Amino acid sequence: MAQDSPPPISQEALTIAHLQGVQDRRREERMLAFCQVFDMEGELVGVSFDLTRSGICVSVPNDWPKDGDFVVKLRRMDNEALPTITVTVTPTWRQCRNESFDEIGGKIIEVDCPEAFSTFLQYCQQAGPSGLLERQTS
């Protein structure tokens with residue numbers, strides 16, 4: 001008696017499964033987190049738009065390498081006591097925003113200091129998105 005093999009998965013089913021995975025990731029608590037983004041040489045290269053424990057969206061020059069993982073440093077300007085965070089990102093999507101910058105969404109696969117990263121995320125949640133400018137003291 002021959003066993004029936006399962007029917008092949010259609011391209012449509014694979015696409016639907018991929019889109020469902022994207023939707024699941026989007027349900028994760030995302031927060032606006034405007035941070036300055038530096039390369040490993042300490043040069044300001046762009047900004048972040050949002051951040052989660054496992055993902056990030058950044059705007060970087062469109063000549064940013066298109067292949068493979070990348071490492072960047074994140075810094076908020078509204079709190080000098082907050083540590084600079086180093087993250088390794090695996091890109092999952094990339095969009096051209098204008099003639100100079102691309103937007104990249106990616107999965108954070110490594111952080112330099114998990115405790116400092118947790119503090120950083122907590123601060124971003126509490127302080128809101130205004131991390132690109134120095135805090136005005138009166």
# chains A, B, ... in the order shown; residues from 1 in each chain; ligands from 1
call {"tool": "residues_around", "arguments": {"residues": "Phe38 of chain A", "least_positions_apart": "6", "cutoff": "12 Å", "atoms": "only C-alpha atoms", "output": "list in words"}}
result
Leu44, Val45, Gly46, Val47, Ser48, Val58, Ser59, Val60, Pro61, Phe70, Val71, Val72, Lys73, Leu74, Arg75, Arg76, Thr84, Ile85, Thr86 and Val87 of chain A
call {"tool": "write_last_selection", "arguments": {"atoms": "N, CA, C and O atoms", "output": "mmCIF file, in the first residue's frame"}}
result
data_model
loop_
_atom_site.group_PDB
_atom_site.id
_atom_site.type_symbol
_atom_site.label_atom_id
_atom_site.label_comp_id
_atom_site.auth_asym_id
_atom_site.auth_seq_id
_atom_site.Cartn_x
_atom_site.Cartn_y
_atom_site.Cartn_z
ATOM 1 N N LEU A 44 28.820 59.782 12.519
ATOM 2 C CA LEU A 44 27.368 59.820 12.452
ATOM 3 C C LEU A 44 26.942 59.472 11.025
ATOM 4 O O LEU A 44 27.363 60.125 10.074
ATOM 5 N N VAL A 45 26.123 58.418 10.879
ATOM 6 C CA VAL A 45 25.721 57.989 9.543
ATOM 7 C C VAL A 45 24.223 58.070 9.304
ATOM 8 O O VAL A 45 23.770 58.001 8.168
ATOM 9 N N GLY A 46 23.422 58.181 10.372
ATOM 10 C CA GLY A 46 21.983 58.216 10.162
ATOM 11 C C GLY A 46 21.220 58.281 11.460
ATOM 12 O O GLY A 46 21.756 58.683 12.495
ATOM 13 N N VAL A 47 19.963 57.851 11.387
ATOM 14 C CA VAL A 47 19.082 57.868 12.545
ATOM 15 C C VAL A 47 18.277 56.573 12.581
ATOM 16 O O VAL A 47 18.097 55.915 11.569
ATOM 17 N N SER A 48 17.786 56.250 13.774
ATOM 18 C CA SER A 48 16.844 55.138 13.901
ATOM 19 C C SER A 48 15.453 55.728 13.997
ATOM 20 O O SER A 48 15.262 56.850 14.467
ATOM 21 N N VAL A 58 16.324 51.772 10.543
ATOM 22 C CA VAL A 58 17.284 52.875 10.486
ATOM 23 C C VAL A 58 17.274 53.520 9.114
ATOM 24 O O VAL A 58 16.910 52.902 8.118
ATOM 25 N N SER A 59 17.683 54.769 9.082
ATOM 26 C CA SER A 59 17.912 55.482 7.834
ATOM 27 C C SER A 59 19.412 55.717 7.742
ATOM 28 O O SER A 59 20.011 56.314 8.642
ATOM 29 N N VAL A 60 20.013 55.211 6.667
ATOM 30 C CA VAL A 60 21.456 55.331 6.458
ATOM 31 C C VAL A 60 21.714 55.740 5.009
ATOM 32 O O VAL A 60 20.826 55.625 4.163
ATOM 33 N N PRO A 61 22.915 56.231 4.713
ATOM 34 C CA PRO A 61 23.215 56.619 3.328
ATOM 35 C C PRO A 61 22.967 55.454 2.365
ATOM 36 O O PRO A 61 23.182 54.290 2.711
ATOM 37 N N PHE A 70 25.324 44.052 9.641
ATOM 38 C CA PHE A 70 26.127 45.236 9.913
ATOM 39 C C PHE A 70 26.047 45.579 11.392
ATOM 40 O O PHE A 70 25.128 45.160 12.096
ATOM 41 N N VAL A 71 27.036 46.323 11.851
ATOM 42 C CA VAL A 71 27.122 46.722 13.254
ATOM 43 C C VAL A 71 27.077 48.244 13.311
ATOM 44 O O VAL A 71 27.780 48.921 12.556
ATOM 45 N N VAL A 72 26.225 48.764 14.192
ATOM 46 C CA VAL A 72 26.128 50.207 14.390
ATOM 47 C C VAL A 72 26.039 50.497 15.886
ATOM 48 O O VAL A 72 25.710 49.624 16.682
ATOM 49 N N LYS A 73 26.323 51.745 16.213
ATOM 50 C CA LYS A 73 26.179 52.229 17.582
ATOM 51 C C LYS A 73 24.996 53.178 17.627
ATOM 52 O O LYS A 73 24.823 53.995 16.728
ATOM 53 N N LEU A 74 24.201 53.076 18.693
ATOM 54 C CA LEU A 74 23.026 53.922 18.878
ATOM 55 C C LEU A 74 23.250 54.824 20.080
ATOM 56 O O LEU A 74 23.706 54.367 21.124
ATOM 57 N N ARG A 75 22.896 56.100 19.908
ATOM 58 C CA ARG A 75 23.045 57.045 21.020
ATOM 59 C C ARG A 75 21.862 58.005 21.024
ATOM 60 O O ARG A 75 21.441 58.497 19.984
ATOM 61 N N ARG A 76 21.364 58.246 22.218
ATOM 62 C CA ARG A 76 20.325 59.259 22.413
ATOM 63 C C ARG A 76 21.016 60.533 22.859
ATOM 64 O O ARG A 76 21.908 60.496 23.699
ATOM 65 N N THR A 84 25.966 54.381 25.153
ATOM 66 C CA THR A 84 25.882 54.124 23.719
ATOM 67 C C THR A 84 25.771 52.611 23.553
ATOM 68 O O THR A 84 26.497 51.863 24.194
ATOM 69 N N ILE A 85 24.866 52.180 22.711
ATOM 70 C CA ILE A 85 24.590 50.759 22.519
ATOM 71 C C ILE A 85 25.123 50.315 21.161
ATOM 72 O O ILE A 85 24.901 50.987 20.158
ATOM 73 N N THR A 86 25.805 49.187 21.135
ATOM 74 C CA THR A 86 26.283 48.613 19.884
ATOM 75 C C THR A 86 25.424 47.396 19.561
ATOM 76 O O THR A 86 25.258 46.509 20.402
ATOM 77 N N VAL A 87 24.852 47.393 18.349
ATOM 78 C CA VAL A 87 23.996 46.289 17.920
ATOM 79 C C VAL A 87 24.469 45.742 16.576
ATOM 80 O O VAL A 87 24.987 46.474 15.733
#
call {"tool": "residues_around", "arguments": {"residues": "Glu103 of chain A", "least_positions_apart": "3", "cutoff": "12 Å", "atoms": "only C-alpha atoms", "output": "list of chain:residue names"}}
result
A:Gly46, A:Val47, A:Ser48, A:Phe49, A:Asp50, A:Ile56, A:Cys57, A:Val58, A:Ser59, A:Val60, A:Pro61, A:Asn62, A:Asp63, A:Trp64, A:Lys66, A:Pro91, A:Thr92, A:Trp93, A:Arg94, A:Gln95, A:Cys96, A:Arg97, A:Asn98, A:Glu99, A:Ser100, A:Gly106
call {"tool": "write_last_selection", "arguments": {"atoms": "N, CA and C atoms", "output": "compact mmCIF listing (two decimals), in the first residue's frame"}}
result
# COMPACT_ATOMS: atom_id res chain seq x y z
N GLY A 46 23.42 58.18 10.37
CA GLY A 46 21.98 58.22 10.16
C GLY A 46 21.22 58.28 11.46
N VAL A 47 19.96 57.85 11.39
CA VAL A 47 19.08 57.87 12.55
C VAL A 47 18.28 56.57 12.58
N SER A 48 17.79 56.25 13.77
CA SER A 48 16.84 55.14 13.90
C SER A 48 15.45 55.73 14.00
N PHE A 49 14.46 54.95 13.55
CA PHE A 49 13.07 55.37 13.62
C PHE A 49 12.32 54.63 14.71
N ASP A 50 12.52 53.33 14.76
CA ASP A 50 11.87 52.56 15.81
C ASP A 50 12.77 51.42 16.25
N ILE A 56 14.98 46.71 14.51
CA ILE A 56 15.25 48.15 14.40
C ILE A 56 14.97 48.58 12.97
N CYS A 57 14.63 49.86 12.82
CA CYS A 57 14.50 50.48 11.51
C CYS A 57 15.41 51.70 11.51
N VAL A 58 16.32 51.77 10.54
CA VAL A 58 17.28 52.88 10.49
C VAL A 58 17.27 53.52 9.11
N SER A 59 17.68 54.77 9.08
CA SER A 59 17.91 55.48 7.83
C SER A 59 19.41 55.72 7.74
N VAL A 60 20.01 55.21 6.67
CA VAL A 60 21.46 55.33 6.46
C VAL A 60 21.71 55.74 5.01
N PRO A 61 22.92 56.23 4.71
CA PRO A 61 23.22 56.62 3.33
C PRO A 61 22.97 55.45 2.36
N ASN A 62 22.52 55.79 1.15
CA ASN A 62 22.20 54.73 0.21
C ASN A 62 23.42 53.99 -0.33
N ASP A 63 24.62 54.46 0.02
CA ASP A 63 25.81 53.69 -0.33
C ASP A 63 26.22 52.73 0.79
N TRP A 64 25.37 52.62 1.83
CA TRP A 64 25.61 51.66 2.91
C TRP A 64 25.65 50.27 2.29
N LYS A 66 25.08 46.71 0.97
CA LYS A 66 23.79 46.05 0.78
C LYS A 66 23.81 44.58 1.18
N PRO A 91 19.74 42.62 8.05
CA PRO A 91 18.67 43.30 7.30
C PRO A 91 17.59 42.32 6.84
N THR A 92 16.33 42.75 6.95
CA THR A 92 15.22 41.95 6.42
C THR A 92 14.53 42.65 5.26
N TRP A 93 14.66 43.97 5.18
CA TRP A 93 14.13 44.71 4.05
C TRP A 93 14.89 46.03 3.92
N ARG A 94 14.81 46.59 2.73
CA ARG A 94 15.48 47.86 2.44
C ARG A 94 14.66 48.61 1.41
N GLN A 95 14.49 49.93 1.67
CA GLN A 95 13.73 50.79 0.75
C GLN A 95 14.53 52.05 0.49
N CYS A 96 14.52 52.49 -0.75
CA CYS A 96 15.12 53.78 -1.09
C CYS A 96 14.16 54.87 -0.64
N ARG A 97 14.63 55.82 0.16
CA ARG A 97 13.78 56.91 0.64
C ARG A 97 13.93 58.17 -0.20
N ASN A 98 15.13 58.44 -0.65
CA ASN A 98 15.38 59.59 -1.52
C ASN A 98 16.73 59.36 -2.20
N GLU A 99 17.26 60.37 -2.85
CA GLU A 99 18.51 60.19 -3.59
C GLU A 99 19.71 59.97 -2.69
N SER A 100 19.57 60.20 -1.39
CA SER A 100 20.71 60.08 -0.48
C SER A 100 20.60 58.97 0.56
N GLY A 106 15.60 45.62 10.18
CA GLY A 106 16.37 44.42 10.42
C GLY A 106 16.15 43.82 11.78
call {"tool": "closest_residue", "arguments": {"among": "A:Phe34, A:Met77, A:Gly42, A:Asp67", "to": "Gln125 of chain A", "atoms": "only C-alpha atoms"}}
result
A:Phe34
call {"tool": "atom_distance", "arguments": {"atom1": "atom CA of Lys107 of chain A", "atom2": "atom CA of Gly68 of chain A"}}
result
11.9 Å
call {"tool": "residues_around", "arguments": {"residues": "Ile108 of chain A", "least_positions_apart": "4", "cutoff": "6 Å", "atoms": "only C-alpha atoms", "output": "PDB file with N, CA and C atoms, in the first residue's frame"}}
result
ATOM      1  N   SER A  54      14.059  43.020  19.533  1.00  0.00           N
ATOM      2  CA  SER A  54      14.630  42.159  18.496  1.00  0.00           C
ATOM      3  C   SER A  54      14.770  42.809  17.129  1.00  0.00           C
ATOM      4  N   GLY A  55      14.364  44.078  16.978  1.00  0.00           N
ATOM      5  CA  GLY A  55      14.439  44.684  15.656  1.00  0.00           C
ATOM      6  C   GLY A  55      14.615  46.179  15.685  1.00  0.00           C
ATOM      7  N   THR A  88      24.286  44.437  16.408  1.00  0.00           N
ATOM      8  CA  THR A  88      24.522  43.780  15.128  1.00  0.00           C
ATOM      9  C   THR A  88      23.163  43.473  14.531  1.00  0.00           C
ATOM     10  N   VAL A  89      22.989  43.860  13.273  1.00  0.00           N
ATOM     11  CA  VAL A  89      21.679  43.786  12.613  1.00  0.00           C
ATOM     12  C   VAL A  89      21.767  42.924  11.356  1.00  0.00           C
TER      13      VAL A  89
END
